[in-house]
Each structure stands twice: as C-alpha cells, then as structure tokens.
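Trainee: My structure is below; once you've seen it, I'll send some questions.
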Amino acid sequence: MFRDTVKELLDKALEERQDLFLIDFEVLDNNAIKIIIDGDNGVLVEDCIFVSRAIEHNLDREDQDFSLEVMSSGATTPLSHIRQYKKNIGRVLGVKTKASEKFEATLVNQDEEGIMLEWKAREPKPVGKGKVTVKKEAKIKYDDILEAKVIIKF
C-alpha cells in the first residue's frame, strides 16, 4: 500500500513535469524509496528536488517512516528508455546487440522501432592498392539492443 501511494505521487509529479521521465523506481523493505529520473533536456538538481518534494510533502512520517533518494540517470548508465535515445541524437554510442555485434557510432536518428547509427570505416579499394574511407550505417531495433551507452570522449 505504501509503495502504491508513493507511485501515485511520483506519477502526479511527472505528469506536472512532462519533460521528465522515470528510469527506475523501487521501494525496499525498510521503506527506502529510490527513484532515478531523466529528462528530455537533461536533469538539474532542481528537478530532483521537485520530485523529492512532491513525494515527501505528501507523506506523513508519523504514519510511515521512510527515506527518499531521487537521482538523475548517470552519464555512463546504459540507455533504457526510448526518450533517452531521442535526446542523444548526434552523440556517439557504444551499442552491443543480442547477435554479439558491437558498434561505436553516431546516433543519427531514432523512431518507435529502433535507432540508426552511422560511422566511417577504412576498406580496401575495389581496384588497386590502398584503402578508401566509406560511410556505413546500421538500423537496429530496440528489441535487438543488449546495451547502449553514450561514449564520452575528452
């Protein structure tokens, strides 16, 4: 029952702020509430505070003791929500597929079905010696993605 109450409050807060979306939510046995959110434009500390207050201010600690932790999805956390792909168009992703393929390529597009990656590769010339740079692309369905992470380069 406590979990349901918290989930209703969380859903109401996310309805109010439709630029934010839920990545993970759990209530542990000791009433420790853990929430991970992301946003179409990233997540600020103020966004985490907004969600935290929307829940905490509507629960009575006299009735139920609890702890609450609201976090943003980390930079190295695998992408798990379709909206995360949309906000990362133009960035380089490391993608592992169920067919054991690995890609490190630029996310150029996404839709309800999957993602489109592009990268450049050096291949032997069709005629003569040497190599030529060619543009490659791959369309990968979400169901075929085992893991996708944003590659951060410095």
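Residues are named by chain letter and number: chains run A, B, ... in the order of the structure tokens, numbers start at 1 in each chain, and ligands are numbered from 1 in the order shown.
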Would you kindly return, as a VMD selection string, each protein, DNA or RNA residue with an atom no farther than 12 Å from any atom of Ser80 of chain A, considering only C-alpha atoms and excluding same-chain residues fewer than 6 positions away?

Mentor: chain A and resid 21 to 24 36 to 38 73 to 74 86 142 to 143 145 to 150

Trainee: Just list as an MDAnalysis selection string whatever in chain A DSSP marks as strand (DSSP E or B).

Mentor: chainID A and resid 20:27 32:40 42 67:72 92:97 102:110 114:124 131:141 145:150

Trainee: Using only C-alpha atoms, determine which residues lie at most 12 Å from Gln64 of chain A, disregarding the query and same-chain residues fewer than 2 positions distant; provide the list as a VMD selection string.

Mentor: chain A and resid 1 to 3 5 to 6 30 to 32 56 58 to 62 66 to 67

Trainee: Suppose we keep C-alpha atoms; can you now write the selection as an mmCIF file, in the first residue's frame?

Mentor:
```
data_model
loop_
_atom_site.group_PDB
_atom_site.id
_atom_site.type_symbol
_atom_site.label_atom_id
_atom_site.label_comp_id
_atom_site.auth_asym_id
_atom_site.auth_seq_id
_atom_site.Cartn_x
_atom_site.Cartn_y
_atom_site.Cartn_z
ATOM 1 C CA MET A 1 0.000 0.000 0.000
ATOM 2 C CA PHE A 2 2.860 2.418 0.847
ATOM 3 C CA ARG A 3 4.505 1.631 -2.496
ATOM 4 C CA THR A 5 0.873 5.728 -2.571
ATOM 5 C CA VAL A 6 4.451 6.707 -3.447
ATOM 6 C CA ASN A 30 12.816 -0.766 5.059
ATOM 7 C CA ASN A 31 10.749 1.846 3.148
ATOM 8 C CA ALA A 32 13.823 3.221 1.418
ATOM 9 C CA GLU A 56 7.943 13.884 0.710
ATOM 10 C CA ASN A 58 2.548 14.400 0.756
ATOM 11 C CA LEU A 59 3.626 11.589 3.071
ATOM 12 C CA ASP A 60 3.290 11.643 6.850
ATOM 13 C CA ARG A 61 6.381 10.456 8.726
ATOM 14 C CA GLU A 62 4.149 9.935 11.779
ATOM 15 C CA PHE A 66 10.873 6.291 5.127
ATOM 16 C CA SER A 67 13.986 7.514 3.358
#
```

Trainee: Restricting the calculation to only C-alpha atoms, which member of A:Lys136, A:Arg53, A:Lys141, A:Lys96 is positioned closest to Gln110 of chain A?

Mentor: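 So, comparing all the options, the nearest one is A:Lys141.
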
Trainee: Using backbone DSSP assignments, extract all alpha helix (DSSP H) residues from chain A; output them as a ChimeraX atom specification.

Mentor: /A:2-16,45-56,82-87
